[in-house]
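Student: Below is a structure I'd like to ask you about.
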Amino acid sequence: MVKPKKNTVKRVINRRAKYDYELDDSLVVGIQLSGPETKALRSNRAQLTGAYVALKDNELWLINAMISAVANGFVADIDQTRTRKLLAKRREIEQLKLSKQKNLSIVPLEFLTSGKYIKLRIAVGRGKKLYDKRQII
């Protein structure tokens with residue numbers, strides 16, 4: 001008898017974000033990817049260290065996130081750190097724009113690859129000072 005596959009959630013987590021920022025509320029948004037990038041994310045071949053979210057022309061963009069090609073993939077020529085468009089509702093973008101005016105940063109936390117869609121969890125946060133980081137240690 002064949003057992004059904006469990007729908008496992010694979011995540012690529014930005015562990016540095018919780019150390020560097022005081023995070024407030026988080027938001028799950030979609031991301032616009034190509035085929036090889038989707039396959040690479042499903043096999044956990046990505047890094048969010050040093051990545052950030054920017055607002056340009058009332059759109060969200062993920063900048064400096066590295067998604068490397070799959071080892072046996074036919075396309076090894078993809079740009080690993082290209083800017084990728086994030087898909088969010090207009091109301092959510094307006095809230096993020098207001099928090100950006102308050103000098104808060106928008107930080108990517110993790111890629112969620114559950115089901116057939118790939119999502120990105122982002123959060124609004126304020127950068128910590130050096131003495132705040134020492135207290136955590």
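Letters for chains follow the order of the structure tokens (A, B, ...), residue numbers begin at 1 for each chain, and ligand numbers begin at 1 in the order shown.
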Got a sec: who's within 10 Å of Ser105 (chain A), counting only C-alpha atoms, leaving out chain neighbours fewer than 3 positions off, as a list in words?
Tutor: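 Counting only the stated atoms, we get Tyr21, Glu22, Leu23, Tyr52, Val53, Ala54, Leu96, Ser99, Lys100, Gln101, Lys102, Pro108, Ala123, Val124, Gly125, Arg126 and Gly127 of chain A.
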Student: Any chance you can output those residues with N, CA and C atoms as a PDB file, in the first residue's frame?
Tutor:
ATOM      1  N   TYR A  21      17.247  43.466  14.423  1.00  0.00           N
ATOM      2  CA  TYR A  21      16.074  44.342  14.411  1.00  0.00           C
ATOM      3  C   TYR A  21      15.110  43.996  15.536  1.00  0.00           C
ATOM      4  N   GLU A  22      14.428  45.006  16.046  1.00  0.00           N
ATOM      5  CA  GLU A  22      13.284  44.811  16.930  1.00  0.00           C
ATOM      6  C   GLU A  22      12.064  44.702  16.022  1.00  0.00           C
ATOM      7  N   LEU A  23      11.552  43.505  15.855  1.00  0.00           N
ATOM      8  CA  LEU A  23      10.504  43.260  14.870  1.00  0.00           C
ATOM      9  C   LEU A  23       9.127  43.461  15.480  1.00  0.00           C
ATOM     10  N   TYR A  52      16.902  42.940   1.802  1.00  0.00           N
ATOM     11  CA  TYR A  52      15.976  43.930   2.337  1.00  0.00           C
ATOM     12  C   TYR A  52      14.868  44.189   1.334  1.00  0.00           C
ATOM     13  N   VAL A  53      13.811  44.855   1.806  1.00  0.00           N
ATOM     14  CA  VAL A  53      12.652  45.163   0.974  1.00  0.00           C
ATOM     15  C   VAL A  53      12.614  46.674   0.769  1.00  0.00           C
ATOM     16  N   ALA A  54      12.422  47.094  -0.484  1.00  0.00           N
ATOM     17  CA  ALA A  54      12.357  48.514  -0.807  1.00  0.00           C
ATOM     18  C   ALA A  54      11.028  48.837  -1.469  1.00  0.00           C
ATOM     19  N   LEU A  96       2.771  49.723   4.892  1.00  0.00           N
ATOM     20  CA  LEU A  96       4.225  49.639   4.896  1.00  0.00           C
ATOM     21  C   LEU A  96       4.861  50.975   4.544  1.00  0.00           C
ATOM     22  N   SER A  99       4.842  53.091   7.680  1.00  0.00           N
ATOM     23  CA  SER A  99       5.883  52.677   8.616  1.00  0.00           C
ATOM     24  C   SER A  99       7.273  53.051   8.101  1.00  0.00           C
ATOM     25  N   LYS A 100       7.435  53.094   6.801  1.00  0.00           N
ATOM     26  CA  LYS A 100       8.717  53.513   6.218  1.00  0.00           C
ATOM     27  C   LYS A 100       8.970  54.993   6.481  1.00  0.00           C
ATOM     28  N   GLN A 101       7.891  55.798   6.514  1.00  0.00           N
ATOM     29  CA  GLN A 101       8.030  57.219   6.817  1.00  0.00           C
ATOM     30  C   GLN A 101       8.399  57.450   8.278  1.00  0.00           C
ATOM     31  N   LYS A 102       8.127  56.468   9.139  1.00  0.00           N
ATOM     32  CA  LYS A 102       8.496  56.553  10.553  1.00  0.00           C
ATOM     33  C   LYS A 102       9.906  56.019  10.802  1.00  0.00           C
ATOM     34  N   PRO A 108      12.962  41.016   5.287  1.00  0.00           N
ATOM     35  CA  PRO A 108      12.454  39.679   4.941  1.00  0.00           C
ATOM     36  C   PRO A 108      12.865  38.675   6.011  1.00  0.00           C
ATOM     37  N   ALA A 123       8.616  41.635   7.818  1.00  0.00           N
ATOM     38  CA  ALA A 123       8.235  42.288   9.064  1.00  0.00           C
ATOM     39  C   ALA A 123       8.782  43.704   9.070  1.00  0.00           C
ATOM     40  N   VAL A 124       8.117  44.541   9.844  1.00  0.00           N
ATOM     41  CA  VAL A 124       8.554  45.918  10.042  1.00  0.00           C
ATOM     42  C   VAL A 124       9.334  45.954  11.340  1.00  0.00           C
ATOM     43  N   GLY A 125      10.494  46.591  11.323  1.00  0.00           N
ATOM     44  CA  GLY A 125      11.302  46.628  12.537  1.00  0.00           C
ATOM     45  C   GLY A 125      12.229  47.819  12.577  1.00  0.00           C
ATOM     46  N   ARG A 126      12.725  48.084  13.775  1.00  0.00           N
ATOM     47  CA  ARG A 126      13.680  49.158  14.010  1.00  0.00           C
ATOM     48  C   ARG A 126      15.036  48.524  14.307  1.00  0.00           C
ATOM     49  N   GLY A 127      16.084  49.063  13.741  1.00  0.00           N
ATOM     50  CA  GLY A 127      17.422  48.526  13.956  1.00  0.00           C
ATOM     51  C   GLY A 127      17.868  48.681  15.397  1.00  0.00           C
TER      52      GLY A 127
END
Student: With only C-alpha atoms as the counted atoms, please give the residues lying no more than 12 Å from Gln95 (chain A), apart from itself and same-chain residues fewer than 3 positions off, as number ranges by chain.
Tutor: A: 25-27, 55, 58, 60, 88-92, 98-102, 104, 106, 123-124
Student: Just the alpha helix (DSSP H) stuff from chain A, please, per backbone DSSP, written as JSON, numbers by chain.
Tutor: {"A": [15, 16, 17, 18, 19, 20, 35, 36, 37, 38, 39, 40, 41, 42, 90, 91, 92, 93, 94, 95, 96, 97, 98, 99, 100, 101, 130, 131, 132, 133, 134, 135, 136]}
Student: Could you take the residues named above and write them with N, CA, C and O atoms, as a CSV table (one decimal), in the first residue's frame?
Tutor:
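result-v2.csv written:
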chain,number,residue,atom,x,y,z
A,15,ARG,N,18.0,34.3,10.0
A,15,ARG,CA,18.2,34.2,11.5
A,15,ARG,C,18.8,35.5,12.0
A,15,ARG,O,18.7,35.9,13.1
A,16,ARG,N,19.5,36.2,11.1
A,16,ARG,CA,20.2,37.5,11.5
A,16,ARG,C,19.2,38.6,11.8
A,16,ARG,O,19.5,39.5,12.5
A,17,ALA,N,18.0,38.5,11.2
A,17,ALA,CA,17.0,39.6,11.3
A,17,ALA,C,16.5,39.8,12.8
A,17,ALA,O,16.4,40.9,13.2
A,18,LYS,N,16.3,38.7,13.5
A,18,LYS,CA,15.8,38.8,14.9
A,18,LYS,C,16.9,39.4,15.8
A,18,LYS,O,16.7,40.0,16.8
A,19,TYR,N,18.2,39.2,15.4
A,19,TYR,CA,19.3,39.7,16.2
A,19,TYR,C,19.5,41.2,15.9
A,19,TYR,O,19.9,42.0,16.8
A,20,ASP,N,19.3,41.6,14.6
A,20,ASP,CA,19.7,43.0,14.2
A,20,ASP,C,18.5,43.9,14.3
A,20,ASP,O,18.7,45.2,14.3
A,35,GLY,N,11.0,29.9,-13.3
A,35,GLY,CA,11.0,28.4,-13.0
A,35,GLY,C,12.1,27.9,-12.3
A,35,GLY,O,12.0,27.1,-11.3
A,36,PRO,N,13.4,28.1,-12.7
A,36,PRO,CA,14.5,27.6,-12.0
A,36,PRO,C,14.7,28.1,-10.6
A,36,PRO,O,15.1,27.4,-9.7
A,37,GLU,N,14.2,29.4,-10.3
A,37,GLU,CA,14.2,29.9,-9.0
A,37,GLU,C,13.2,29.2,-8.1
A,37,GLU,O,13.5,28.9,-6.9
A,38,THR,N,12.1,28.8,-8.6
A,38,THR,CA,11.1,28.1,-7.9
A,38,THR,C,11.7,26.7,-7.5
A,38,THR,O,11.5,26.3,-6.3
A,39,LYS,N,12.3,26.1,-8.4
A,39,LYS,CA,12.9,24.7,-8.1
A,39,LYS,C,14.0,24.8,-7.1
A,39,LYS,O,14.1,24.0,-6.2
A,40,ALA,N,14.8,25.9,-7.2
A,40,ALA,CA,15.9,26.1,-6.2
A,40,ALA,C,15.3,26.4,-4.8
A,40,ALA,O,15.9,25.9,-3.8
A,41,LEU,N,14.2,27.2,-4.7
A,41,LEU,CA,13.6,27.4,-3.4
A,41,LEU,C,13.0,26.2,-2.8
A,41,LEU,O,13.1,26.0,-1.6
A,42,ARG,N,12.4,25.3,-3.6
A,42,ARG,CA,11.9,24.1,-3.1
A,42,ARG,C,12.9,23.1,-2.6
A,42,ARG,O,12.7,22.3,-1.7
A,90,ARG,N,-2.9,46.5,-2.1
A,90,ARG,CA,-2.7,47.9,-2.0
A,90,ARG,C,-2.7,48.5,-0.6
A,90,ARG,O,-1.9,49.3,-0.2
A,91,ARG,N,-3.7,48.0,0.2
A,91,ARG,CA,-3.8,48.4,1.6
A,91,ARG,C,-2.6,48.1,2.4
A,91,ARG,O,-2.1,48.9,3.2
A,92,GLU,N,-2.0,46.9,2.2
A,92,GLU,CA,-0.8,46.5,2.9
A,92,GLU,C,0.4,47.3,2.5
A,92,GLU,O,1.2,47.7,3.3
A,93,ILE,N,0.5,47.7,1.2
A,93,ILE,CA,1.6,48.5,0.8
A,93,ILE,C,1.5,49.9,1.4
A,93,ILE,O,2.5,50.5,1.8
A,94,GLU,N,0.3,50.4,1.5
A,94,GLU,CA,0.1,51.7,2.1
A,94,GLU,C,0.5,51.7,3.6
A,94,GLU,O,1.1,52.7,4.1
A,95,GLN,N,0.2,50.6,4.3
A,95,GLN,CA,0.6,50.5,5.7
A,95,GLN,C,2.1,50.5,5.8
A,95,GLN,O,2.7,51.1,6.7
A,96,LEU,N,2.8,49.7,4.9
A,96,LEU,CA,4.2,49.6,4.9
A,96,LEU,C,4.9,51.0,4.5
A,96,LEU,O,5.9,51.3,5.1
A,97,LYS,N,4.2,51.7,3.7
A,97,LYS,CA,4.7,53.0,3.3
A,97,LYS,C,4.7,54.0,4.5
A,97,LYS,O,5.6,54.8,4.7
A,98,LEU,N,3.6,53.9,5.3
A,98,LEU,CA,3.5,54.7,6.5
A,98,LEU,C,4.6,54.4,7.5
A,98,LEU,O,5.2,55.2,8.2
A,99,SER,N,4.8,53.1,7.7
A,99,SER,CA,5.9,52.7,8.6
A,99,SER,C,7.3,53.1,8.1
A,99,SER,O,8.2,53.3,8.9
A,100,LYS,N,7.4,53.1,6.8
A,100,LYS,CA,8.7,53.5,6.2
A,100,LYS,C,9.0,55.0,6.5
A,100,LYS,O,10.1,55.4,6.7
A,101,GLN,N,7.9,55.8,6.5
A,101,GLN,CA,8.0,57.2,6.8
A,101,GLN,C,8.4,57.4,8.3
A,101,GLN,O,8.9,58.5,8.6
A,130,LEU,N,24.2,48.7,19.3
A,130,LEU,CA,25.1,47.7,19.7
A,130,LEU,C,24.9,47.2,21.1
A,130,LEU,O,25.1,46.1,21.5
A,131,TYR,N,24.6,48.2,22.0
A,131,TYR,CA,24.4,47.7,23.4
A,131,TYR,C,23.1,46.9,23.6
A,131,TYR,O,23.1,46.0,24.5
A,132,ASP,N,22.1,47.0,22.7
A,132,ASP,CA,21.0,46.2,22.8
A,132,ASP,C,21.3,44.7,22.4
A,132,ASP,O,20.8,43.8,22.9
A,133,LYS,N,22.2,44.6,21.4
A,133,LYS,CA,22.7,43.3,20.9
A,133,LYS,C,23.5,42.6,22.0
A,133,LYS,O,23.4,41.4,22.2
A,134,ARG,N,24.3,43.4,22.8
A,134,ARG,CA,25.1,42.8,23.8
A,134,ARG,C,24.2,42.2,25.0
A,134,ARG,O,24.5,41.2,25.6
A,135,GLN,N,23.1,42.9,25.2
A,135,GLN,CA,22.2,42.4,26.3
A,135,GLN,C,21.5,41.1,25.9
A,135,GLN,O,21.3,40.3,26.7
A,136,ILE,N,21.3,40.9,24.6
A,136,ILE,CA,20.7,39.6,24.1
A,136,ILE,C,21.7,38.5,24.3
A,136,ILE,O,21.3,37.4,24.8
Student: Residues within 12 Å of Met66 (chain A), please, as an MDAnalysis selection string. Count only C-alpha atoms; anything in the same chain fewer than 4 positions from it doesn't count.
Tutor: chainID A and resid 12 14 37 40:41 44:52 62 78:84 111
Student: May I ask which of the residues A:Thr113, A:Ser34, A:Lys129, A:Val29 is the closest one to Leu86 (chain A), counting only C-alpha atoms?
Tutor: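 Result for the nearest residue to Leu86 (chain A): A:Val29.
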Student: One number please: CA of Ser43 (chain A) to CA of Asn64 (chain A), in Å, one decimal.
Tutor: 19.4 Å
